[in-house]
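What's in protein29.txt: compact mmCIF, C-alpha atoms
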```txt
# COMPACT_ATOMS: atom_id res chain seq x y z
CA MET C 966 -18.42 -7.52 -10.66
CA LEU C 967 -20.75 -4.94 -9.11
CA GLU C 968 -20.13 -2.61 -12.04
CA GLN C 969 -20.98 -5.35 -14.49
CA GLU C 970 -24.21 -6.15 -12.67
CA LEU C 971 -25.20 -2.50 -12.70
CA ILE C 972 -24.55 -2.23 -16.44
CA GLU C 973 -26.54 -5.40 -17.11
CA ARG C 974 -29.45 -3.98 -15.13
CA ILE C 975 -29.33 -0.76 -17.13
CA ARG C 976 -29.28 -2.75 -20.35
CA ALA C 977 -32.30 -4.66 -19.09
CA ASP C 978 -34.04 -1.26 -18.70
CA ASP C 979 -34.12 -1.29 -14.90
CA PRO C 980 -35.31 2.29 -14.20
CA ARG C 981 -33.39 2.67 -10.93
CA ALA C 982 -30.08 1.35 -12.26
CA PHE C 983 -29.18 4.42 -14.34
CA LYS C 984 -29.90 6.64 -11.33
CA GLU C 985 -27.53 4.50 -9.26
CA LEU C 986 -24.87 4.85 -11.94
CA PHE C 987 -25.42 8.60 -11.96
CA ASP C 988 -25.23 8.93 -8.18
CA SER C 989 -22.04 6.92 -7.92
CA ASN C 990 -20.20 8.82 -10.68
CA VAL C 991 -21.59 12.34 -10.86
CA THR C 992 -19.14 13.85 -8.36
CA LEU C 993 -16.17 12.34 -10.18
CA VAL C 994 -17.38 13.67 -13.54
CA HIS C 995 -18.42 17.08 -12.21
CA ASN C 996 -15.12 17.54 -10.41
CA VAL C 997 -13.06 16.81 -13.51
CA CYS C 998 -15.21 19.12 -15.61
CA PHE C 999 -15.02 21.88 -13.01
CA ARG C 1000 -11.26 21.64 -12.74
CA MET C 1001 -10.89 21.77 -16.48
CA LEU C 1002 -13.45 24.46 -17.23
CA GLY C 1003 -13.12 26.63 -14.15
CA ASN C 1004 -16.77 27.48 -13.59
CA ARG C 1005 -19.78 25.70 -12.20
CA GLN C 1006 -22.20 26.42 -15.04
CA ASP C 1007 -19.99 25.01 -17.76
CA ALA C 1008 -19.09 22.08 -15.51
CA GLU C 1009 -22.78 21.20 -15.04
CA ASP C 1010 -23.56 21.55 -18.75
CA VAL C 1011 -20.70 19.27 -19.69
CA THR C 1012 -21.56 16.81 -16.90
CA GLN C 1013 -24.99 16.41 -18.45
CA GLU C 1014 -23.41 15.84 -21.86
CA VAL C 1015 -21.18 13.16 -20.36
CA PHE C 1016 -24.12 11.25 -18.90
CA LEU C 1017 -26.09 11.66 -22.11
CA GLU C 1018 -23.15 10.15 -23.99
CA VAL C 1019 -22.99 7.34 -21.43
CA CYS C 1020 -26.71 6.73 -21.91
CA LYS C 1021 -26.19 6.41 -25.68
CA SER C 1022 -23.07 4.27 -25.52
CA LEU C 1023 -23.68 2.01 -22.55
CA LYS C 1024 -25.00 -0.87 -24.61
CA ARG C 1025 -21.65 -1.01 -26.44
CA PHE C 1026 -19.45 -0.82 -23.32
CA ARG C 1027 -17.28 -3.94 -23.29
CA PHE C 1028 -15.57 -3.83 -19.86
CA GLU C 1029 -12.16 -3.51 -21.46
CA SER C 1030 -11.44 -0.85 -18.84
CA LYS C 1031 -12.86 0.16 -15.48
CA LEU C 1032 -16.09 2.11 -15.59
CA SER C 1033 -14.43 5.06 -13.84
CA THR C 1034 -11.69 5.18 -16.51
CA TRP C 1035 -14.39 5.30 -19.16
CA PHE C 1036 -16.17 8.15 -17.33
CA TYR C 1037 -12.92 10.08 -16.95
CA ARG C 1038 -12.20 9.65 -20.64
CA ILE C 1039 -15.58 10.96 -21.75
CA ALA C 1040 -15.45 13.83 -19.22
CA VAL C 1041 -11.99 14.89 -20.38
CA ASN C 1042 -12.89 14.76 -24.08
CA ARG C 1043 -16.13 16.64 -23.62
CA SER C 1044 -14.45 19.29 -21.47
CA LEU C 1045 -11.69 19.82 -24.02
CA ASN C 1046 -14.29 20.11 -26.80
CA HIS C 1047 -16.25 22.62 -24.74
CA GLN C 1048 -13.13 24.70 -24.13
CA ARG C 1049 -12.24 24.73 -27.81
CA LYS C 1050 -15.77 25.76 -28.68
CA ARG C 1051 -15.67 28.59 -26.15
CA LYS C 1052 -12.32 29.80 -27.41
CA LEU C 1053 -13.62 29.83 -30.98
CA GLU C 1054 -16.76 31.71 -29.92
CA ARG C 1055 -14.67 34.33 -28.13
CA TRP C 1056 -12.36 34.64 -31.11
CA LEU C 1057 -15.27 35.05 -33.50
CA SER C 1058 -16.88 37.66 -31.30
CA LEU C 1059 -13.49 39.45 -31.11
CA ASP C 1060 -13.84 39.29 -27.34
CA PHE C 1061 -10.35 38.13 -26.48
CA ASP C 1062 -10.18 39.28 -22.88
CA SER C 1063 -13.28 38.03 -21.14
CA ASN C 1064 -13.40 34.72 -19.25
CA ASP C 1065 -9.72 34.17 -19.80
CA LYS C 1066 -8.61 32.99 -16.40
CA SER C 1067 -5.09 32.03 -17.34
CA ASP C 1068 -3.66 35.43 -16.39
CA GLU C 1069 -5.79 35.97 -13.31
CA VAL C 1070 -2.87 35.49 -10.96
CA PHE C 1071 -1.16 38.55 -12.39
CA ASP C 1072 -4.20 40.82 -12.18
CA ALA C 1073 -5.84 39.87 -8.90
CA PRO C 1074 -5.56 42.61 -6.26
CA GLY C 1075 -3.52 42.10 -3.14
CA ILE C 1076 -1.54 39.23 -4.50
CA SER C 1077 1.85 40.76 -4.95
CA GLU C 1078 5.15 40.99 -3.20
CA ASN C 1079 4.47 44.64 -2.52
CA SER C 1080 1.18 44.25 -0.63
CA PRO C 1081 1.24 46.22 2.64
CA ASP C 1082 1.55 43.37 5.10
CA GLY C 1083 3.02 40.84 2.63
CA ALA C 1084 0.74 38.14 3.94
CA MET C 1085 -1.49 36.01 1.77
CA GLU C 1086 -4.84 34.45 2.54
CA LYS C 1087 -5.30 30.76 1.87
CA LYS C 1088 -7.90 31.63 -0.78
CA ASP C 1089 -5.33 33.77 -2.57
CA THR C 1090 -2.87 30.89 -2.44
CA GLU C 1091 -5.44 28.60 -4.04
CA ARG C 1092 -6.20 31.15 -6.74
CA ILE C 1093 -2.53 31.63 -7.51
CA VAL C 1094 -1.87 27.93 -7.88
CA GLN C 1095 -5.09 27.35 -9.86
CA ALA C 1096 -4.35 30.21 -12.23
CA ALA C 1097 -0.82 28.92 -12.77
CA ILE C 1098 -2.18 25.43 -13.52
CA ASN C 1099 -4.78 26.90 -15.89
CA SER C 1100 -2.06 28.60 -17.88
CA LEU C 1101 -0.34 25.31 -18.74
CA PRO C 1102 -0.81 23.67 -22.16
CA ASP C 1103 -3.91 21.42 -22.23
CA GLN C 1104 -2.15 18.06 -22.16
CA GLN C 1105 0.15 19.01 -19.28
CA ARG C 1106 -2.71 20.58 -17.34
CA LEU C 1107 -4.88 17.52 -17.84
CA ALA C 1108 -2.19 15.11 -16.66
CA LEU C 1109 -1.59 17.30 -13.61
CA LEU C 1110 -5.31 17.58 -12.74
CA LEU C 1111 -5.82 13.84 -12.97
CA HIS C 1112 -2.71 13.14 -10.90
CA ARG C 1113 -2.99 15.85 -8.27
CA TYR C 1114 -6.76 16.21 -7.74
CA GLU C 1115 -8.13 12.86 -8.84
CA GLU C 1116 -5.09 10.98 -7.50
CA LEU C 1117 -4.99 8.63 -10.46
CA SER C 1118 -1.92 6.48 -11.03
CA TYR C 1119 0.26 7.03 -14.07
CA GLU C 1120 -1.22 3.89 -15.65
CA GLU C 1121 -4.78 5.11 -15.12
CA ILE C 1122 -3.94 8.54 -16.48
CA ALA C 1123 -2.35 6.89 -19.54
CA LYS C 1124 -5.59 4.95 -20.18
CA VAL C 1125 -7.75 8.06 -19.77
CA MET C 1126 -5.58 10.16 -22.07
CA GLY C 1127 -4.89 7.35 -24.56
CA VAL C 1128 -1.10 7.70 -24.30
CA THR C 1129 1.80 5.72 -22.87
CA VAL C 1130 2.89 5.84 -19.24
CA ALA C 1131 6.18 7.38 -20.37
CA SER C 1132 4.22 10.15 -22.06
CA VAL C 1133 2.29 10.83 -18.84
CA GLU C 1134 5.52 11.01 -16.85
CA SER C 1135 7.00 13.41 -19.37
CA ARG C 1136 3.92 15.68 -19.34
CA LEU C 1137 3.82 15.76 -15.54
CA HIS C 1138 7.52 16.46 -15.40
CA ARG C 1139 7.25 19.42 -17.78
CA ALA C 1140 4.11 20.68 -16.07
CA LYS C 1141 5.81 20.85 -12.67
CA GLN C 1142 8.91 22.51 -14.08
CA ALA C 1143 6.74 25.15 -15.75
CA LEU C 1144 4.71 25.64 -12.57
CA ALA C 1145 7.81 26.09 -10.46
CA LYS C 1146 8.88 28.93 -12.74
CA LYS C 1147 5.43 30.55 -12.60
CA LEU C 1148 5.02 30.22 -8.83
CA LEU C 1149 8.49 31.26 -7.71
CA PRO C 1150 7.88 35.05 -7.95
CA PHE C 1151 5.09 34.73 -5.37
CA LYS C 1152 6.29 34.64 -1.82
CA LYS C 1153 4.25 33.78 1.22
CA GLU C 1154 4.99 35.34 4.55
CA LEU C 1155 6.41 32.49 6.60
CA MET Q 1232 23.68 22.51 -11.04
CA ILE Q 1233 23.10 26.23 -11.10
CA HIS Q 1234 20.48 27.95 -8.97
CA GLU Q 1235 17.96 28.40 -11.78
CA GLU Q 1236 18.10 24.73 -12.72
CA ILE Q 1237 17.68 23.73 -9.08
CA GLN Q 1238 14.70 26.04 -8.58
CA GLN Q 1239 13.01 24.71 -11.71
CA GLN Q 1240 13.15 21.21 -10.23
CA LEU Q 1241 11.84 22.18 -6.81
CA LEU Q 1242 8.22 21.01 -7.30
CA LEU Q 1243 9.44 17.64 -8.55
CA TYR Q 1244 11.82 17.54 -5.59
CA LEU Q 1245 9.03 18.36 -3.12
CA ASP Q 1246 6.86 15.58 -4.61
CA GLY Q 1247 9.78 13.12 -4.57
CA GLU Q 1248 9.55 12.54 -8.31
CA LEU Q 1249 13.20 12.81 -9.30
CA PRO Q 1250 15.80 10.04 -9.62
CA ASP Q 1251 17.69 9.28 -6.42
CA GLU Q 1252 20.94 10.84 -7.60
CA GLU Q 1253 19.23 14.09 -8.55
CA MET Q 1254 17.36 14.19 -5.22
CA ARG Q 1255 20.66 13.82 -3.42
CA GLN Q 1256 22.32 16.58 -5.46
CA ILE Q 1257 19.44 18.99 -4.81
CA ARG Q 1258 19.37 18.12 -1.11
CA GLU Q 1259 23.07 18.87 -0.83
CA HIS Q 1260 22.67 22.14 -2.69
CA LEU Q 1261 19.74 23.24 -0.51
CA SER Q 1262 21.73 22.56 2.66
CA ALA Q 1263 24.45 24.88 1.39
CA CYS Q 1264 22.44 27.58 -0.44
CA ALA Q 1265 20.18 29.84 1.64
CA VAL Q 1266 18.52 31.46 -1.39
CA CYS Q 1267 17.46 28.17 -2.96
CA ALA Q 1268 16.42 26.84 0.44
CA GLN Q 1269 14.17 29.85 0.89
CA ARG Q 1270 12.69 29.30 -2.59
CA ARG Q 1271 11.98 25.70 -1.62
CA ASP Q 1272 10.14 26.80 1.54
CA GLU Q 1273 8.10 29.39 -0.37
CA LEU Q 1274 7.10 26.91 -3.04
CA ALA Q 1275 6.28 24.27 -0.44
CA SER Q 1276 3.94 26.62 1.40
CA LEU Q 1277 2.12 27.50 -1.85
CA TRP Q 1278 2.05 24.02 -3.34
CA GLN Q 1279 1.21 22.02 -0.26
CA SER Q 1280 -1.31 24.41 1.31
CA GLU Q 1281 -3.47 24.30 -1.81
CA ARG Q 1282 -3.39 20.57 -2.11
CA ARG Q 1283 -6.45 18.35 -2.32
CA LEU Q 1284 -9.31 20.76 -2.18
CA GLU Q 1285 -12.65 19.21 -1.45
CA LYS Q 1286 -14.48 17.75 -4.40
CA VAL Q 1287 -16.83 20.27 -5.97
CA LYS Q 1288 -20.38 19.02 -5.49
CA PRO Q 1289 -22.83 19.39 -8.36
CA SER Q 1290 -26.20 21.06 -8.11
CA PRO Q 1291 -28.96 18.86 -6.60
CA PHE Q 1292 -31.10 19.61 -9.69
CA LEU Q 1293 -28.63 18.09 -12.10
CA TRP Q 1294 -30.44 14.75 -12.23
CA THR Q 1295 -33.73 16.43 -13.10
CA ARG Q 1296 -32.10 18.45 -15.87
CA LEU Q 1297 -30.39 15.34 -17.20
CA GLN Q 1298 -33.67 13.43 -17.34
CA ALA Q 1299 -35.21 16.28 -19.36
CA ARG Q 1300 -32.30 16.15 -21.81
CA ILE Q 1301 -32.58 12.39 -22.19
CA LYS Q 1302 -36.30 12.72 -22.94
CA GLU Q 1303 -35.52 15.41 -25.49
CA TYR Q 1304 -32.91 13.19 -27.13
CA GLU Q 1305 -35.37 10.28 -27.33
CA GLN Q 1306 -37.61 12.43 -29.55
CA THR Q 1307 -34.87 12.99 -32.10
CA PRO Q 1308 -34.10 10.84 -35.19
CA ALA Q 1309 -30.60 10.33 -33.77
CA PHE Q 1310 -32.09 8.25 -30.96
CA ALA Q 1311 -33.72 5.80 -33.40
CA TRP Q 1312 -30.45 5.40 -35.27
CA ASP Q 1313 -28.40 4.95 -32.09
CA LEU Q 1314 -30.89 2.42 -30.78
CA LYS Q 1315 -30.87 0.44 -34.04
CA ARG Q 1316 -27.09 0.54 -34.13
CA SER Q 1317 -26.75 -0.65 -30.58
CA MET Q 1318 -29.31 -3.44 -31.09
CA GLN Q 1319 -27.68 -4.71 -34.25
CA GLN Q 1320 -24.23 -3.80 -32.98
CA ILE Q 1321 -23.44 -2.36 -36.39
CA PRO Q 1322 -19.89 -1.18 -36.08
CA LEU Q 1323 -18.91 2.03 -37.80
CA ARG Q 1324 -15.76 0.50 -39.30
CA PRO Q 1325 -17.25 -0.94 -42.54
CA PHE Q 1326 -18.34 2.50 -43.70
CA PRO Q 1327 -14.90 3.71 -44.78
CA ALA Q 1328 -14.40 0.40 -46.64
CA LEU Q 1329 -17.77 0.80 -48.36
CA ALA Q 1330 -16.82 4.33 -49.38
CA VAL Q 1331 -13.60 3.02 -50.97
CA ILE Q 1332 -15.48 0.27 -52.84
CA ALA Q 1333 -18.02 2.82 -54.09
CA ALA Q 1334 -15.19 5.06 -55.31
CA ILE Q 1335 -13.61 2.15 -57.21
CA VAL Q 1336 -16.92 1.23 -58.84
CA VAL Q 1337 -17.54 4.83 -59.91
CA GLY Q 1338 -13.99 5.06 -61.20
CA ILE Q 1339 -14.39 1.93 -63.29
CA TYR Q 1340 -17.69 3.21 -64.67
CA ILE Q 1341 -16.20 6.57 -65.66
CA GLY Q 1342 -13.06 4.96 -67.13
CA THR Q 1343 -14.84 2.34 -69.23
CA PRO Q 1344 -15.51 3.56 -72.84
CA ARG Q 1345 -19.13 3.49 -73.92
CA GLU Q 1346 -20.08 0.63 -76.33
CA PRO Q 1347 -21.65 2.68 -79.20
CA GLN Q 1348 -18.63 5.02 -79.35
CA ARG Q 1349 -16.27 2.07 -79.16
CA ASN Q 1350 -17.93 0.27 -82.05
CA ALA Q 1351 -17.94 3.40 -84.24
CA ARG Q 1352 -14.23 3.89 -83.65
CA VAL Q 1353 -13.48 0.26 -84.39
CA GLN Q 1354 -15.45 0.45 -87.61
CA ALA Q 1355 -13.63 3.61 -88.67
CA VAL Q 1356 -10.27 2.01 -88.03
CA SER Q 1357 -11.24 -1.21 -89.79
CA GLN Q 1358 -12.40 0.67 -92.88
CA SER Q 1359 -9.26 2.79 -93.09
CA VAL Q 1360 -6.87 -0.05 -92.43
CA GLY Q 1361 -8.63 -2.99 -94.08
CA SER Q 1362 -6.13 -5.57 -93.03
CA VAL Q 1363 -6.51 -5.78 -89.37
CA ASP Q 1364 -7.56 -9.43 -89.78
CA GLU Q 1365 -4.40 -10.24 -91.72
CA LEU Q 1366 -2.28 -9.15 -88.86
CA GLY Q 1367 -4.25 -11.42 -86.62
CA LEU Q 1368 -5.49 -8.53 -84.60
CA ASP Q 1369 -8.83 -8.77 -83.01
CA GLN Q 1370 -11.08 -6.57 -85.14
CA PHE Q 1371 -12.47 -5.03 -82.00
CA ASP Q 1372 -9.08 -3.84 -80.86
CA VAL Q 1373 -8.83 -0.09 -81.30
CA ILE Q 1374 -5.32 0.91 -82.21
CA PRO Q 1375 -4.47 4.44 -81.08
CA PRO Q 1376 -2.53 6.59 -83.55
CA GLY Q 1377 1.22 6.43 -83.05
CA ALA Q 1378 1.09 3.05 -81.34
CA LEU Q 1379 3.20 0.16 -82.61
CA GLY Q 1380 0.06 -1.63 -83.75
CA SER Q 1381 -0.93 1.27 -86.01
CA THR Q 1382 2.55 1.20 -87.60
CA LEU Q 1383 2.22 -2.54 -88.31
CA VAL Q 1384 -1.18 -1.92 -89.85
CA LYS Q 1385 0.28 0.79 -92.17
CA ILE Q 1386 3.07 -1.54 -93.24
CA SER Q 1387 0.53 -4.28 -93.99
CA LYS Q 1388 -1.57 -1.86 -96.07
CA THR Q 1389 1.32 -0.64 -98.19
CA GLN Q 1390 2.45 -4.19 -98.87
CA ARG Q 1391 -0.88 -5.19 -100.40
```
As C-alpha cells, how would this structure be written, given the file I've shared?
Amino acid sequence: MLEQELIERIRADDPRAFKELFDSNVTLVHNVCFRMLGNRQDAEDVTQEVFLEVCKSLKRFRFESKLSTWFYRIAVNRSLNHQRKRKLERWLSLDFDSNDKSDEVFDAPGISENSPDGAMEKKDTERIVQAAINSLPDQQRLALLLHRYEELSYEEIAKVMGVTVASVESRLHRAKQALAKKLLPFKKEL
Amino acid sequence: MIHEEIQQQLLLYLDGELPDEEMRQIREHLSACAVCAQRRDELASLWQSERRLEKVKPSPFLWTRLQARIKEYEQTPAFAWDLKRSMQQIPLRPFPALAVIAAIVVGIYIGTPREPQRNARVQAVSQSVGSVDELGLDQFDVIPPGALGSTLVKISKTQR
C-alpha cells in the first residue's frame, strides 16, 4: 500500500516522492550492480541508468509485482547489457586481458598452497570466492548473487530472471557444484 | 558415491540443499572418509567466512548526478515521445501488426497488374482469338498461353 501511494505521488509530480523512491532503493540497486560488474564506477553508472529507466517507465508500472522485484529486474538487465558492451569494446580494441577479473584468483599473489606460512587473510578468502563466482556463466552467477547476497527466495529470483522456479533451482545447483570444484584446490590453515 | 562426486556436492551439502537421502549418504561418507571430511572443512571455512558482506554503499553524489541526467534527458526528443506514450498509454504491441498490414498492402499493390497493360493484352487476345464470346468467356479474361482456356479458344477458332 505504501509503495502504491509513493508511486501515485510521483505520478502526481510530487517533487519529494521520487527522491524518497531513490533513497529507499538505491542501495539495493547499487549492490546488485556492484556484485555483477565488480567495480564501483560501473556500478554507479548503471545505477543511474536504472533510475533513469524507472523515471521513464513509472507511469506504466501496473503493480503486477513488488516494486523491489521490478528494480532488481531492471538492475540485472542493465548490468548484463553493460557487461556485454564492455566485452565487445575490449574485443574490438583487441585488449583481451585487461579488466578480466574471472581469473584473478589464480594470479593474485600469496594465495596459493605454497605460500610460506600457508595462512590466508579474510580479504584473500573473499577475493577467492568472489573471483570463483565471477567465473561462472552469467545465468548461474546471477541466480547465485540474488540468492546468496540479496537473500531472495527462489520464487522472487524466478520473477526477476523471468524463468521458472525449477530453472532457478537448477542454475543454483549447477553453480554450487561448479564452485565446489573451483574452490577445492584452495586450502585455509585451520 | 565416489570421492569426487561427494566433493562436488559439498557446497550444496553445507547449505542443506540436497534431498534427505543424499544428505544422509554424504554424512555417512564424511564420517568414514578423512580426506572428504577435510575437504568439507576447508570449503566451509572459505564459503562461510565470506558470507554476507556488507552492502556496498553508493557515492553520496549519486543523486545529484542522476538529477543532471534526468534534466539532460528531458531536453531530448525521446522525452517528448515517452511522455506522449505514457499519457496516451499507447502500447507498443500494435506496431508489429501495422507492419504486417503494410506489407500485405504493398504486396497486393505490386502483385496487381496495371489497368492499361491489362486492357492491351485483353485486346490482343480478343483480336487473335475472335471467339472468346462464343465460349462464354468474359472478354476481359486474359488467357495465358498453354492454359486449358487457350486450347478451347483454338478449337473454337478452327471450327468456325
Residues within 10 Å of (-17.3, 7.1, -13.7), file coords, all atoms listed in the file, listed as a compact mmCIF listing (two decimals) with C-alpha atoms, keeping the file's coordinate frame:
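Result file part-v9.txt:
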```
# COMPACT_ATOMS: atom_id res chain seq x y z
CA LEU C 986 -24.87 4.85 -11.94
CA PHE C 987 -25.42 8.60 -11.96
CA ASP C 988 -25.23 8.93 -8.18
CA SER C 989 -22.04 6.92 -7.92
CA ASN C 990 -20.20 8.82 -10.68
CA VAL C 991 -21.59 12.34 -10.86
CA THR C 992 -19.14 13.85 -8.36
CA LEU C 993 -16.17 12.34 -10.18
CA VAL C 994 -17.38 13.67 -13.54
CA VAL C 1015 -21.18 13.16 -20.36
CA PHE C 1016 -24.12 11.25 -18.90
CA VAL C 1019 -22.99 7.34 -21.43
CA LYS C 1031 -12.86 0.16 -15.48
CA LEU C 1032 -16.09 2.11 -15.59
CA SER C 1033 -14.43 5.06 -13.84
CA THR C 1034 -11.69 5.18 -16.51
CA TRP C 1035 -14.39 5.30 -19.16
CA PHE C 1036 -16.17 8.15 -17.33
CA TYR C 1037 -12.92 10.08 -16.95
CA ARG C 1038 -12.20 9.65 -20.64
CA ILE C 1039 -15.58 10.96 -21.75
CA ALA C 1040 -15.45 13.83 -19.22
```
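You can rank Q:Ala1328, Q:Ile1237, Q:Leu1277, Q:His1260 by their closest distance to chain C using all atoms listed in the file, and at the top of that list sits Q:Leu1277.
Closest approach to chain C among Q:Lys1288, Q:Tyr1244, Q:Gln1256, Q:Ile1233 is made by Q:Lys1288 (distances from all atoms listed in the file).
The spacing separating CA of Leu1002 (chain C) from CA of Gln1048 (chain C) amounts to 6.9 Å.
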Check: What separation in Å, quoted to one decimal, exists between CA of Gln1279 (chain Q) and CA of Arg1092 (chain C)?
Finding: 13.4 Å
Notebook entry, point to check: Of the candidates Q:Gln1240, Q:Ile1257, Q:Pro1308, Q:Ile1341, which one gets nearest to chain C if we count all atoms listed in the file?
Noted result: Q:Gln1240
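Put simply, CA of Glu970 (chain C) is 27.8 Å away from CA of Tyr1119 (chain C).
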Spatial neighbours of Leu1017 (chain C), max dist 12 Å, all atoms listed in the file, sep filter under 3 positions, as an mmCIF file with C-alpha atoms, in the frame of the given file:
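Final file, around_31.cif:
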```
data_model
loop_
_atom_site.group_PDB
_atom_site.id
_atom_site.type_symbol
_atom_site.label_atom_id
_atom_site.label_comp_id
_atom_site.auth_asym_id
_atom_site.auth_seq_id
_atom_site.Cartn_x
_atom_site.Cartn_y
_atom_site.Cartn_z
ATOM 1 C CA PHE C 983 -29.180 4.420 -14.340
ATOM 2 C CA PHE C 987 -25.420 8.600 -11.960
ATOM 3 C CA ASP C 1010 -23.560 21.550 -18.750
ATOM 4 C CA VAL C 1011 -20.700 19.270 -19.690
ATOM 5 C CA THR C 1012 -21.560 16.810 -16.900
ATOM 6 C CA GLN C 1013 -24.990 16.410 -18.450
ATOM 7 C CA GLU C 1014 -23.410 15.840 -21.860
ATOM 8 C CA CYS C 1020 -26.710 6.730 -21.910
ATOM 9 C CA LYS C 1021 -26.190 6.410 -25.680
ATOM 10 C CA SER C 1022 -23.070 4.270 -25.520
ATOM 11 C CA LEU C 1023 -23.680 2.010 -22.550
ATOM 12 C CA PHE C 1036 -16.170 8.150 -17.330
ATOM 13 C CA ILE C 1039 -15.580 10.960 -21.750
ATOM 14 C CA ALA C 1040 -15.450 13.830 -19.220
ATOM 15 C CA ARG C 1043 -16.130 16.640 -23.620
ATOM 16 C CA TRP Q 1294 -30.440 14.750 -12.230
ATOM 17 C CA ARG Q 1296 -32.100 18.450 -15.870
ATOM 18 C CA LEU Q 1297 -30.390 15.340 -17.200
ATOM 19 C CA GLN Q 1298 -33.670 13.430 -17.340
ATOM 20 C CA ALA Q 1299 -35.210 16.280 -19.360
ATOM 21 C CA ARG Q 1300 -32.300 16.150 -21.810
ATOM 22 C CA ILE Q 1301 -32.580 12.390 -22.190
ATOM 23 C CA LYS Q 1302 -36.300 12.720 -22.940
ATOM 24 C CA GLU Q 1303 -35.520 15.410 -25.490
ATOM 25 C CA TYR Q 1304 -32.910 13.190 -27.130
ATOM 26 C CA GLU Q 1305 -35.370 10.280 -27.330
ATOM 27 C CA PHE Q 1310 -32.090 8.250 -30.960
#
```
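Shortest separation to chain Q among C:Glu1091, C:Glu1120, C:Glu985, C:Glu1018 occurs at residue C:Glu1091, atoms counted being only C-alpha atoms.
Between Ile1098 (chain C) and the candidates Q:Trp1278, Q:Arg1255, Q:Ala1334, Q:Lys1286, the tightest atom-to-atom separation, counting all atoms listed in the file, involves Q:Trp1278.
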Check: Nearest to Glu1115 (chain C) among Q:Cys1264, Q:Glu1273, Q:Val1287, Q:Leu1242, with distances taken over only C-alpha atoms: which residue is it?
Finding: Q:Val1287
